[in-house]
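Source file my_file-v3.csv; content: CSV, C-alpha atoms and all ligand atoms.
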chain,number,residue,atom,x,y,z
A,1,MET,CA,-186.6,81.5,58.6
A,2,ALA,CA,-189.6,83.7,59.1
A,3,ALA,CA,-187.6,86.8,58.8
A,4,LEU,CA,-186.0,85.4,55.8
A,5,PHE,CA,-189.2,84.0,54.4
A,6,SER,CA,-190.9,87.4,54.7
A,7,ARG,CA,-187.9,89.0,53.1
A,8,SER,CA,-188.2,86.7,50.2
A,9,LEU,CA,-191.9,87.4,49.9
A,10,THR,CA,-191.5,91.1,49.7
A,11,SER,CA,-189.1,90.6,46.9
A,12,ARG,CA,-192.1,90.3,44.6
A,13,THR,CA,-192.1,94.1,44.3
A,14,LEU,CA,-189.8,96.0,42.0
A,15,LEU,CA,-188.0,97.7,44.8
A,16,ALA,CA,-187.3,94.7,46.8
A,17,SER,CA,-186.2,92.6,43.8
A,18,THR,CA,-183.7,95.2,42.9
A,19,GLY,CA,-182.8,95.6,46.5
A,20,ILE,CA,-182.0,92.0,47.0
A,21,VAL,CA,-179.6,91.8,44.1
A,22,SER,CA,-177.9,95.0,45.0
A,23,ALA,CA,-177.6,94.3,48.7
A,24,ALA,CA,-176.5,90.8,48.0
A,25,GLY,CA,-173.9,92.1,45.6
A,26,ILE,CA,-172.6,94.7,48.0
A,27,THR,CA,-172.4,92.3,51.0
A,28,TYR,CA,-171.0,89.3,49.1
A,29,TYR,CA,-167.3,89.2,49.3
A,30,ALA,CA,-166.3,85.6,49.3
A,31,THR,CA,-165.0,85.7,45.8
A,32,ARG,CA,-162.3,83.2,45.4
A,33,ARG,CA,-162.4,80.0,47.3
A,34,PRO,CA,-159.5,77.5,47.6
A,35,LEU,CA,-159.1,74.1,46.2
A,36,LEU,CA,-160.7,71.4,48.5
A,37,LEU,CA,-158.1,69.0,49.7
A,38,ASP,CA,-158.4,65.3,50.0
A,39,SER,CA,-157.8,64.9,53.8
A,40,ALA,CA,-156.3,61.4,53.3
A,41,GLN,CA,-153.6,62.3,50.8
A,42,ASN,CA,-153.6,66.1,51.2
A,43,ALA,CA,-153.6,66.4,47.5
A,44,PRO,CA,-155.9,68.6,45.4
A,45,LEU,CA,-159.1,66.6,44.8
A,46,SER,CA,-161.3,69.0,42.9
A,47,THR,CA,-161.9,72.6,42.1
A,48,THR,CA,-164.5,74.7,43.8
A,49,MET,CA,-167.3,76.2,41.7
A,50,ASN,CA,-166.2,79.8,41.2
A,51,PHE,CA,-169.2,82.1,41.7
A,52,PRO,CA,-168.8,85.5,40.1
A,53,TRP,CA,-167.2,88.1,42.4
A,54,THR,CA,-170.6,89.8,42.9
A,55,MET,CA,-174.2,88.6,42.9
A,56,LEU,CA,-174.9,90.9,40.1
A,57,PHE,CA,-173.5,88.2,37.8
A,58,ALA,CA,-175.1,84.7,37.7
A,59,LYS,CA,-174.3,81.0,37.0
A,60,GLN,CA,-176.4,78.5,35.2
A,61,LEU,CA,-177.0,75.0,36.7
A,62,THR,CA,-178.5,72.2,34.6
A,63,VAL,CA,-181.1,69.9,36.2
A,64,THR,CA,-180.1,66.2,36.0
A,65,HIS,CA,-182.7,64.6,38.2
A,66,VAL,CA,-186.0,65.4,40.0
A,67,GLU,CA,-187.5,63.3,42.8
A,68,GLN,CA,-190.8,63.9,44.5
A,69,VAL,CA,-190.0,63.3,48.2
A,70,ASN,CA,-193.3,64.0,49.8
A,71,HIS,CA,-196.7,65.5,48.8
A,72,ASP,CA,-195.4,69.0,48.2
A,73,THR,CA,-191.6,68.7,48.1
A,74,LYS,CA,-189.1,67.9,45.4
A,75,ARG,CA,-185.4,67.1,45.5
A,76,ILE,CA,-183.8,68.7,42.5
A,77,THR,CA,-180.3,67.6,41.5
A,78,PHE,CA,-178.2,69.9,39.3
A,79,ALA,CA,-174.9,69.3,37.5
A,80,LEU,CA,-172.2,71.8,38.2
A,81,PRO,CA,-170.8,73.6,35.2
A,82,GLY,CA,-167.3,72.1,35.7
A,83,GLY,CA,-168.5,68.5,35.7
A,84,SER,CA,-167.5,65.8,38.2
A,85,SER,CA,-164.1,67.4,38.9
A,86,GLU,CA,-165.9,70.4,40.5
A,87,VAL,CA,-167.6,70.8,43.9
A,88,SER,CA,-170.0,73.5,44.8
A,89,GLY,CA,-168.1,74.6,47.9
A,90,VAL,CA,-171.3,76.3,49.2
A,91,SER,CA,-170.6,76.2,52.9
A,92,ALA,CA,-173.0,74.7,55.4
A,93,SER,CA,-176.3,76.6,55.9
A,94,SER,CA,-175.5,79.0,53.1
A,95,ALA,CA,-178.1,79.6,50.5
A,96,LEU,CA,-178.2,80.3,46.7
A,97,LEU,CA,-180.4,82.9,45.3
A,98,THR,CA,-182.4,81.4,42.4
A,99,GLN,CA,-183.8,83.6,39.6
A,100,HIS,CA,-186.3,83.2,36.9
A,101,LYS,CA,-188.4,85.6,34.9
A,102,PRO,CA,-192.1,84.8,34.6
A,103,PRO,CA,-193.6,85.8,31.3
A,104,ASP,CA,-196.3,88.0,33.0
A,105,ARG,CA,-193.8,90.0,35.1
A,106,TYR,CA,-191.4,92.8,34.3
A,107,LEU,CA,-189.0,91.8,37.0
A,108,PRO,CA,-187.3,88.5,37.8
A,109,VAL,CA,-188.3,86.4,40.9
A,110,LEU,CA,-185.4,85.9,43.3
A,111,ARG,CA,-185.6,83.4,46.2
A,112,PRO,CA,-183.0,81.9,48.5
A,113,TYR,CA,-182.7,78.1,48.8
A,114,THR,CA,-180.2,76.1,51.0
A,115,PRO,CA,-178.5,73.2,49.3
A,116,VAL,CA,-178.9,69.9,51.1
A,117,SER,CA,-176.0,68.3,49.3
A,118,SER,CA,-172.5,68.3,50.8
A,119,PRO,CA,-170.3,71.3,49.7
A,120,SER,CA,-167.8,68.6,48.6
A,121,SER,CA,-170.2,66.5,46.5
A,122,PRO,CA,-168.4,65.9,43.2
A,123,GLY,CA,-170.2,67.5,40.2
A,124,THR,CA,-173.6,68.0,41.8
A,125,LEU,CA,-175.7,70.2,44.0
A,126,GLN,CA,-179.2,69.4,45.4
A,127,LEU,CA,-182.0,71.6,46.5
A,128,LEU,CA,-185.1,70.5,48.4
A,129,VAL,CA,-188.0,72.7,47.4
A,130,LYS,CA,-191.4,72.8,49.0
A,131,LYS,CA,-194.2,74.0,46.7
A,132,TYR,CA,-196.4,76.8,48.0
A,133,PRO,CA,-199.9,77.4,46.5
A,134,HIS,CA,-199.3,80.1,43.8
A,135,GLY,CA,-195.7,80.3,44.9
A,136,ALA,CA,-193.8,82.2,42.2
A,137,ALA,CA,-190.4,80.5,42.6
A,138,SER,CA,-191.4,77.2,44.1
A,139,THR,CA,-193.9,76.5,41.3
A,140,HIS,CA,-191.2,77.3,38.7
A,141,MET,CA,-188.8,75.1,40.5
A,142,HIS,CA,-191.3,72.2,40.6
A,143,ASP,CA,-191.8,72.6,36.8
A,144,LEU,CA,-188.1,72.0,36.1
A,145,THR,CA,-187.2,68.7,34.4
A,146,PRO,CA,-183.9,67.1,33.5
A,147,GLY,CA,-182.2,69.3,31.0
A,148,SER,CA,-183.7,72.5,32.2
A,149,THR,CA,-181.4,75.2,33.5
A,150,LEU,CA,-181.7,77.5,36.5
A,151,THR,CA,-180.0,80.8,37.1
A,152,VAL,CA,-178.4,81.1,40.5
A,153,ARG,CA,-176.4,83.8,42.3
A,154,GLY,CA,-174.6,83.7,45.6
A,155,PRO,CA,-173.9,82.2,47.9
A,156,ILE,CA,-175.6,84.0,50.8
A,157,PRO,CA,-173.3,83.1,53.7
A,158,GLY,CA,-174.9,81.0,56.5
A,159,TYR,CA,-173.6,80.6,60.1
A,160,ALA,CA,-169.8,80.7,60.4
A,161,TRP,CA,-169.5,77.6,62.6
A,162,GLN,CA,-166.4,77.1,64.7
A,163,ALA,CA,-165.6,73.5,65.6
A,164,SER,CA,-165.1,72.4,69.2
A,165,PRO,CA,-162.1,70.2,69.0
A,166,SER,CA,-161.1,69.8,72.6
A,167,GLN,CA,-164.3,69.7,74.6
A,168,PRO,CA,-167.8,68.2,74.0
A,169,ARG,CA,-170.4,70.9,73.6
A,170,ASP,CA,-174.2,70.8,73.3
A,171,VAL,CA,-176.3,72.9,70.9
A,172,LEU,CA,-180.0,73.0,70.4
A,173,PHE,CA,-181.4,73.0,66.8
A,174,ILE,CA,-185.1,73.9,66.3
A,175,ALA,CA,-186.8,73.7,62.9
A,176,GLY,CA,-190.4,74.2,61.7
A,177,GLY,CA,-191.6,72.7,58.5
A,178,ALA,CA,-189.4,73.5,55.5
A,179,GLY,CA,-187.1,75.4,57.8
A,180,ILE,CA,-185.3,72.1,58.1
A,181,THR,CA,-182.9,72.7,55.2
A,182,PRO,CA,-180.3,75.0,56.8
A,183,ILE,CA,-180.6,73.1,60.0
A,184,TYR,CA,-179.8,69.8,58.2
A,185,SER,CA,-177.0,71.4,56.3
A,186,LEU,CA,-175.3,72.7,59.4
A,187,ALA,CA,-175.9,69.4,61.4
A,188,ALA,CA,-174.4,67.3,58.6
A,189,ALA,CA,-171.3,69.6,58.5
A,190,VAL,CA,-170.8,69.7,62.3
A,191,LEU,CA,-171.2,66.0,62.7
A,192,SER,CA,-169.0,65.0,59.8
A,193,ASN,CA,-166.0,67.0,61.1
A,194,ALA,CA,-163.8,64.5,62.8
A,195,HIS,CA,-162.2,67.4,64.8
A,196,ASP,CA,-165.5,68.6,66.3
A,197,GLN,CA,-167.0,67.1,69.5
A,198,THR,CA,-170.2,69.1,69.3
A,199,ARG,CA,-173.4,67.2,70.2
A,200,ILE,CA,-176.7,68.3,68.6
A,201,THR,CA,-180.3,68.1,70.0
A,202,LEU,CA,-182.8,68.7,67.2
A,203,LEU,CA,-186.5,69.5,67.8
A,204,TRP,CA,-188.4,69.6,64.5
A,205,GLY,CA,-192.1,70.6,64.3
A,206,VAL,CA,-194.3,69.6,61.3
A,207,ASN,CA,-198.0,69.7,60.7
A,208,GLY,CA,-198.2,66.1,59.7
A,209,THR,CA,-196.0,63.0,59.1
A,210,ARG,CA,-196.6,63.7,55.3
A,211,ASP,CA,-194.5,66.9,55.7
A,212,LEU,CA,-191.4,65.0,56.9
A,213,VAL,CA,-188.4,65.1,54.7
A,214,LEU,CA,-184.7,64.1,55.1
A,215,GLN,CA,-185.7,61.4,57.6
A,216,SER,CA,-183.3,58.8,56.3
A,217,GLU,CA,-180.5,61.4,56.1
A,218,PHE,CA,-181.0,62.2,59.8
A,219,ALA,CA,-181.2,58.5,60.7
A,220,GLN,CA,-178.0,57.9,58.8
A,221,LEU,CA,-176.3,60.8,60.7
A,222,GLN,CA,-177.4,59.2,64.0
A,223,ARG,CA,-176.0,55.8,63.0
A,224,GLN,CA,-172.8,57.3,61.7
A,225,TYR,CA,-172.1,59.6,64.7
A,226,PRO,CA,-173.5,57.7,67.7
A,227,GLY,CA,-174.3,59.9,70.7
A,228,ARG,CA,-173.9,63.1,68.8
A,229,LEU,CA,-177.4,63.7,67.4
A,230,ARG,CA,-180.7,63.4,69.2
A,231,VAL,CA,-183.8,64.0,67.0
A,232,SER,CA,-187.4,64.6,68.1
A,233,TYR,CA,-190.2,65.1,65.6
A,234,PHE,CA,-193.2,67.0,66.9
A,235,ILE,CA,-196.3,66.3,64.8
A,236,SER,CA,-199.1,68.8,65.4
A,237,GLY,CA,-201.8,67.5,63.0
A,238,SER,CA,-204.5,66.1,65.3
A,239,ALA,CA,-205.8,63.3,63.1
A,240,GLU,CA,-202.3,61.8,63.0
A,241,ALA,CA,-201.4,62.4,66.6
A,242,GLN,CA,-203.4,59.3,67.7
A,243,SER,CA,-201.5,56.9,65.4
A,244,LEU,CA,-197.9,57.9,66.0
A,245,VAL,CA,-195.4,55.2,65.7
A,246,THR,CA,-191.8,55.5,66.6
A,247,GLU,CA,-189.7,54.1,63.9
A,248,GLY,CA,-185.9,54.4,63.7
A,249,PRO,CA,-183.7,56.1,66.2
A,250,GLU,CA,-185.6,59.4,66.4
A,251,SER,CA,-188.4,60.1,68.8
A,252,ARG,CA,-191.9,61.2,67.6
A,253,GLN,CA,-194.3,63.1,69.7
A,254,SER,CA,-197.7,64.7,69.0
A,255,GLY,CA,-198.2,68.5,69.4
A,256,TYR,CA,-196.0,71.5,69.0
A,257,VAL,CA,-192.4,72.3,70.0
A,258,ASP,CA,-193.7,73.8,73.3
A,259,LYS,CA,-192.3,75.1,76.5
A,260,SER,CA,-192.2,71.8,78.2
A,261,ALA,CA,-190.3,70.2,75.2
A,262,LEU,CA,-187.9,73.2,75.1
A,263,ARG,CA,-187.3,73.1,78.8
A,264,THR,CA,-186.4,69.4,78.7
A,265,ALA,CA,-184.1,69.9,75.7
A,266,ILE,CA,-182.4,72.8,77.4
A,267,GLU,CA,-181.9,70.8,80.6
A,268,HIS,CA,-180.3,68.1,78.6
A,269,CYS,CA,-177.9,70.5,76.9
A,270,GLU,CA,-177.1,72.2,80.3
A,271,ALA,CA,-176.0,68.9,81.7
A,272,GLY,CA,-173.0,69.3,79.4
A,273,SER,CA,-171.5,72.5,78.2
A,274,PHE,CA,-174.3,74.4,76.5
A,275,GLY,CA,-173.4,76.6,73.5
A,276,ASP,CA,-170.8,76.5,70.6
A,277,GLU,CA,-167.4,78.2,70.6
A,278,LYS,CA,-169.0,81.6,70.1
A,279,GLY,CA,-171.6,81.1,72.8
A,280,THR,CA,-174.5,80.4,70.5
A,281,LYS,CA,-176.8,77.9,72.2
A,282,VAL,CA,-179.8,77.7,69.9
A,283,PHE,CA,-180.2,77.6,66.1
A,284,PHE,CA,-183.7,78.3,64.7
A,285,CYS,CA,-185.3,78.1,61.4
A,286,GLY,CA,-189.1,78.1,61.0
A,287,PRO,CA,-192.2,79.9,59.8
A,288,PRO,CA,-193.2,83.3,61.2
A,289,GLY,CA,-195.7,82.2,63.9
A,290,MET,CA,-193.3,79.6,65.3
A,291,GLN,CA,-190.5,82.1,65.2
A,292,GLU,CA,-192.5,84.6,67.2
A,293,GLY,CA,-193.6,82.0,69.7
A,294,VAL,CA,-190.2,80.4,70.2
A,295,VAL,CA,-187.4,83.0,69.6
A,296,GLY,CA,-189.5,86.2,69.6
A,297,LYS,CA,-189.1,89.0,72.2
A,298,LYS,CA,-191.7,87.3,74.5
A,299,GLY,CA,-191.0,83.9,73.1
A,300,VAL,CA,-190.6,80.7,75.2
A,301,LEU,CA,-186.8,80.7,74.9
A,302,SER,CA,-186.5,84.1,76.7
A,303,GLU,CA,-188.9,82.8,79.4
A,304,LEU,CA,-186.5,79.9,79.8
A,305,GLY,CA,-183.5,82.2,80.2
A,306,VAL,CA,-181.9,81.9,76.8
A,307,GLY,CA,-180.7,85.3,75.8
A,308,LYS,CA,-181.2,86.9,72.3
A,309,ARG,CA,-177.5,86.8,71.6
A,310,GLU,CA,-177.4,83.1,72.4
A,311,VAL,CA,-179.8,82.4,69.5
A,312,HIS,CA,-179.0,82.3,65.8
A,313,VAL,CA,-182.1,82.6,63.5
A,314,PHE,CA,-181.6,81.6,59.9
A,401,LIG,C1,-182.1,81.7,53.6
A,401,LIG,C2,-183.3,80.9,53.1
A,401,LIG,C3,-183.2,79.6,52.7
A,401,LIG,C4,-184.3,78.9,52.2
A,401,LIG,N1,-184.2,77.6,51.8
A,401,LIG,C5,-185.3,77.0,51.4
A,401,LIG,C6,-185.1,75.6,51.0
A,401,LIG,O1,-184.0,75.0,51.0
A,401,LIG,N2,-186.2,75.0,50.5
A,401,LIG,C7,-187.5,75.7,50.4
A,401,LIG,O2,-188.4,75.0,50.0
A,401,LIG,N3,-187.6,76.9,50.8
A,401,LIG,C8,-186.5,77.6,51.2
A,401,LIG,N4,-186.7,78.9,51.5
A,401,LIG,C9,-187.9,79.6,51.2
A,401,LIG,C10,-187.9,80.1,49.7
A,401,LIG,O3,-186.9,81.1,49.6
A,401,LIG,C11,-189.2,80.8,49.3
A,401,LIG,O4,-189.6,81.8,50.2
A,401,LIG,C12,-190.4,79.8,49.2
A,401,LIG,O5,-190.0,78.8,48.3
A,401,LIG,C13,-191.7,80.5,48.7
A,401,LIG,O6,-191.4,81.2,47.6
A,401,LIG,P1,-192.4,81.3,46.4
A,401,LIG,O7,-191.9,82.3,45.4
A,401,LIG,O8,-192.8,80.0,45.8
A,401,LIG,O9,-193.7,81.8,47.1
A,401,LIG,P2,-194.3,83.3,47.0
A,401,LIG,O10,-194.7,83.6,45.6
A,401,LIG,O11,-193.3,84.2,47.7
A,401,LIG,O12,-195.6,83.2,47.9
A,401,LIG,C14,-196.8,82.4,47.4
A,401,LIG,C15,-197.7,82.1,48.6
A,401,LIG,O13,-197.1,81.2,49.4
A,401,LIG,C16,-197.1,81.7,50.8
A,401,LIG,N5,-195.8,81.4,51.4
A,401,LIG,C17,-194.6,81.6,50.9
A,401,LIG,N6,-193.6,81.2,51.7
A,401,LIG,C18,-194.3,80.7,52.8
A,401,LIG,C19,-193.8,80.1,54.0
A,401,LIG,N7,-192.6,80.0,54.3
A,401,LIG,N8,-194.8,79.7,54.9
A,401,LIG,C20,-196.1,79.8,54.6
A,401,LIG,N9,-196.6,80.4,53.5
A,401,LIG,C21,-195.7,80.8,52.6
A,401,LIG,C22,-197.3,83.2,50.6
A,401,LIG,O14,-197.9,83.8,51.7
A,401,LIG,C23,-198.1,83.3,49.4
A,401,LIG,O15,-199.5,83.2,49.7
A,401,LIG,C24,-185.6,79.6,52.1
A,401,LIG,C25,-185.7,80.9,52.5
A,401,LIG,C26,-184.6,81.6,53.0
A,401,LIG,C27,-184.8,83.0,53.4

As structure tokens, how would this structure be written, given the file I've shared?
Amino acid sequence: MAALFSRSLTSRTLLASTGIVSAAGITYYATRRPLLLDSAQNAPLSTTMNFPWTMLFAKQLTVTHVEQVNHDTKRITFALPGGSSEVSGVSASSALLTQHKPPDRYLPVLRPYTPVSSPSSPGTLQLLVKKYPHGAASTHMHDLTPGSTLTVRGPIPGYAWQASPSQPRDVLFIAGGAGITPIYSLAAAVLSNAHDQTRITLLWGVNGTRDLVLQSEFAQLQRQYPGRLRVSYFISGSAEAQSLVTEGPESRQSGYVDKSALRTAIEHCEAGSFGDEKGTKVFFCGPPGMQEGVVGKKGVLSELGVGKREVHVF
């Protein structure tokens, strides 16, 4: 996510703000999406929210609920314009571009956020937003209350996943801090597909236990799809490292997602068939320092023999 984070940071300037909208508009082509079908009856269940054909045009979502999920993160629930008969259809790991115009700026602030709700959730869409000190967009998002509206464009396509229906495959997901949202979104979609035999190993690094989010969602996925999701949390904060308690089905360790942890995870994946249908083995989303250290040119993954083409970075 570092590349993406830095991209979003540069959008503070006039050039980049304009560039993001223009580039997004040019590259965005998924204009009309089909009706989602109820797999049980094969009958139309609901319509998919129809984003404008280009990101130059926007949609308004209305906030219905705001929940503080940890010390700096809120889960914001929005109602879709078409009500409960509509689903967002924003595919797994794709992001929406939010927009607001601060009174002291000439240009709007645009930032991408990955929904953590299912693309087929009736009538709602949820974002998990971490607040950064003086963060232009995240502060605005944290100020939203029920009834407020938010302008969104998109979606920005995520990873085009192909299911593995005939053979179990293993993939490695690595997240750092708030980079967990596209990773969670993809994991939930992969696991909930009854025709996909993919198994996921997730290594997630956070600075402290207070930074953890989506814990119950991951635990629920582990219960619901036994043997298909292994989760390890790496807590780097030294004060907390002494008092780590393993609760639930995930494993908790102190320290960073380091070479030894990555080697062990890769060996586990290699015991099966490592990589998805397209040959992607590792999916990464995290802050700049972690990205450099893990998936950078001289990063640990290349030392461990994982090629650049085998890694997808959100
Ligand atoms: C594809 C994509 C999906 C994303 N999905 C989510 C999501 O679901 N939830 C979410 O909370 N965020 C997500 N982000 C990050 C989000 O887009 C913003 O970058 C983030 O909220 C900060 O924006 P801001 O305007 O508040 O901060 P800015 O005004 O851009 O920055 C304010 C201050 O915060 C610091 N800062 C900003 N971002 C970071 C960072 N990542 N790490 C460390 N310091 C930082 C800056 O250095 C600066 O000092 C996503 C990013 C991408 C590219």

Exercise. Separation of CA of Thr201 in chain A and CA of Val282 in chain A, in Å?
Worked result: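 Rounded to one decimal, the two atoms are 9.6 Å apart.
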
Exercise. What does the distance from CA of Glu277 in chain A to CA of Tyr159 in chain A come to in Å, to one decimal?
Worked result: 12.4 Å

Problem set entry | Among the residues A:Pro133, A:Gly147, A:Gly154, A:Gly205, the one that comes closest to Gln99 in chain A [using all atoms listed in the file] | A:Gly154

For this session: Write out as JSON, numbers by chain each polymer residue whose atoms come within 12 Å of Glu303 in chain A, counting all atoms listed in the file; drop sequence neighbours fewer than 6 positions from it.
Result: {"A": [258, 259, 260, 262, 263, 293, 294, 295, 296, 297]}

Keeping only C-alpha atoms, write the selected residues to a file as a PDB file, in the frame of the given file.
ATOM      1  CA  ASP A 258    -193.700  73.800  73.300  1.00  0.00           C
ATOM      2  CA  LYS A 259    -192.300  75.100  76.500  1.00  0.00           C
ATOM      3  CA  SER A 260    -192.200  71.800  78.200  1.00  0.00           C
ATOM      4  CA  LEU A 262    -187.900  73.200  75.100  1.00  0.00           C
ATOM      5  CA  ARG A 263    -187.300  73.100  78.800  1.00  0.00           C
ATOM      6  CA  GLY A 293    -193.600  82.000  69.700  1.00  0.00           C
ATOM      7  CA  VAL A 294    -190.200  80.400  70.200  1.00  0.00           C
ATOM      8  CA  VAL A 295    -187.400  83.000  69.600  1.00  0.00           C
ATOM      9  CA  GLY A 296    -189.500  86.200  69.600  1.00  0.00           C
ATOM     10  CA  LYS A 297    -189.100  89.000  72.200  1.00  0.00           C
TER      11      LYS A 297
END

Exercise. Hey, what's within 7 Å of Leu203 in chain A if we count all atoms listed in the file and toss same-chain stuff fewer than 3 positions away? As a PyMOL selection string, please?
Worked result: chain A and resi 173-175+231-233+257

Exercise. For the atom pair CA of Pro146 in chain A and CA of Thr48 in chain A, what is the interatomic distance in Å to one decimal place?
Worked result: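 Distance reported for this atom pair: 23.2 Å.
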
Closest-contact table, range 96-196 of chain A side, partner range 220-223 of chain A, 10 Å, counting all atoms listed in the file, as CSV:
residue,atom,partner,partner_atom,distance
A:Tyr184,CA,A:Leu221,CA,10.0
A:Ala187,CA,A:Leu221,CA,8.6
A:Ala188,CA,A:Leu221,CA,7.1
A:Leu191,CA,A:Leu221,CA,7.6
A:Ser192,CA,A:Leu221,CA,8.5

File dump, residues just selected, C-alpha atoms, as a tab-separated table (two decimals), in the coordinates of the input:
chain	number	residue	atom	x	y	z
A	184	TYR	CA	-179.80	69.80	58.20
A	187	ALA	CA	-175.90	69.40	61.40
A	188	ALA	CA	-174.40	67.30	58.60
A	191	LEU	CA	-171.20	66.00	62.70
A	192	SER	CA	-169.00	65.00	59.80

Give as a short mmCIF file (atom, residue, chain, number, x, y, z; two decimals) with C-alpha atoms, keeping the file's coordinate frame every residue, naming chains and numbers as the document does, that has an atom within 7 Å of (-182.0, 83.4, 72.8), counting only C-alpha atoms.
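Okay, this is what ended up in result09.cif:
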data_model
loop_
_atom_site.label_atom_id
_atom_site.label_comp_id
_atom_site.auth_asym_id
_atom_site.auth_seq_id
_atom_site.Cartn_x
_atom_site.Cartn_y
_atom_site.Cartn_z
CA VAL A 282 -179.80 77.70 69.90
CA VAL A 295 -187.40 83.00 69.60
CA LEU A 301 -186.80 80.70 74.90
CA SER A 302 -186.50 84.10 76.70
CA VAL A 306 -181.90 81.90 76.80
CA GLY A 307 -180.70 85.30 75.80
CA LYS A 308 -181.20 86.90 72.30
CA ARG A 309 -177.50 86.80 71.60
CA GLU A 310 -177.40 83.10 72.40
CA VAL A 311 -179.80 82.40 69.50
#

Residue neighbourhood Ile235 in chain A, 10 Å, all atoms listed in the file, exclusion window fewer than 6 positions, as an mmCIF file with C-alpha atoms, in the coordinates of the input:
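Result file follows (out.cif):
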data_model
loop_
_atom_site.group_PDB
_atom_site.id
_atom_site.type_symbol
_atom_site.label_atom_id
_atom_site.label_comp_id
_atom_site.auth_asym_id
_atom_site.auth_seq_id
_atom_site.Cartn_x
_atom_site.Cartn_y
_atom_site.Cartn_z
ATOM 1 C CA TRP A 204 -188.400 69.600 64.500
ATOM 2 C CA GLY A 205 -192.100 70.600 64.300
ATOM 3 C CA VAL A 206 -194.300 69.600 61.300
ATOM 4 C CA ASN A 207 -198.000 69.700 60.700
ATOM 5 C CA GLY A 208 -198.200 66.100 59.700
ATOM 6 C CA THR A 209 -196.000 63.000 59.100
ATOM 7 C CA ARG A 210 -196.600 63.700 55.300
ATOM 8 C CA ASP A 211 -194.500 66.900 55.700
ATOM 9 C CA LEU A 212 -191.400 65.000 56.900
ATOM 10 C CA ALA A 241 -201.400 62.400 66.600
ATOM 11 C CA LEU A 244 -197.900 57.900 66.000
ATOM 12 C CA ARG A 252 -191.900 61.200 67.600
ATOM 13 C CA GLN A 253 -194.300 63.100 69.700
ATOM 14 C CA SER A 254 -197.700 64.700 69.000
ATOM 15 C CA GLY A 255 -198.200 68.500 69.400
ATOM 16 C CA TYR A 256 -196.000 71.500 69.000
ATOM 17 C CA VAL A 257 -192.400 72.300 70.000
#

Exercise. Of the candidates A:Phe57, A:Phe274, A:Phe314, A:Phe51, which one gets nearest to ligand LIG 401 (chain A) if we count all atoms listed in the file?
Worked result: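 Using all atoms listed in the file, the shortest distance to ligand LIG 401 (chain A) belongs to A:Phe314.
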
Exercise. If we count all atoms listed in the file, what is near Ser138 in chain A at a cut-off of 12 Å, once residues fewer than 6 positions away on the same chain are taken out, given as a ChimeraX atom specification?
Worked result: /A:8-9,72-76,98-100,109-113,127-132,144

Exercise. Given the choices A:Leu202, A:Ala261, A:Ala271, A:Val69, which gets closest to ligand LIG 401 (chain A) if the distance is worked out from all atoms listed in the file?
Worked result: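 Of A:Leu202, A:Ala261, A:Ala271, A:Val69, the one nearest ligand LIG 401 (chain A) is A:Val69, counting all atoms listed in the file.
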
Problem set entry | Selected residue of minimal separation from ligand LIG 401 (chain A) among A:Ile200, A:Leu172, A:Ile156, A:Cys269, counting all atoms listed in the file |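 Of A:Ile200, A:Leu172, A:Ile156, A:Cys269, the one nearest ligand LIG 401 (chain A) is A:Ile156, counting all atoms listed in the file.
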
Exercise. Do you know which residues lie at most 12 Å from (-158.6, 64.0, 65.6), with coordinates as in the file and only C-alpha atoms counted, and could you write them as a count of residues only?
Worked result: 11
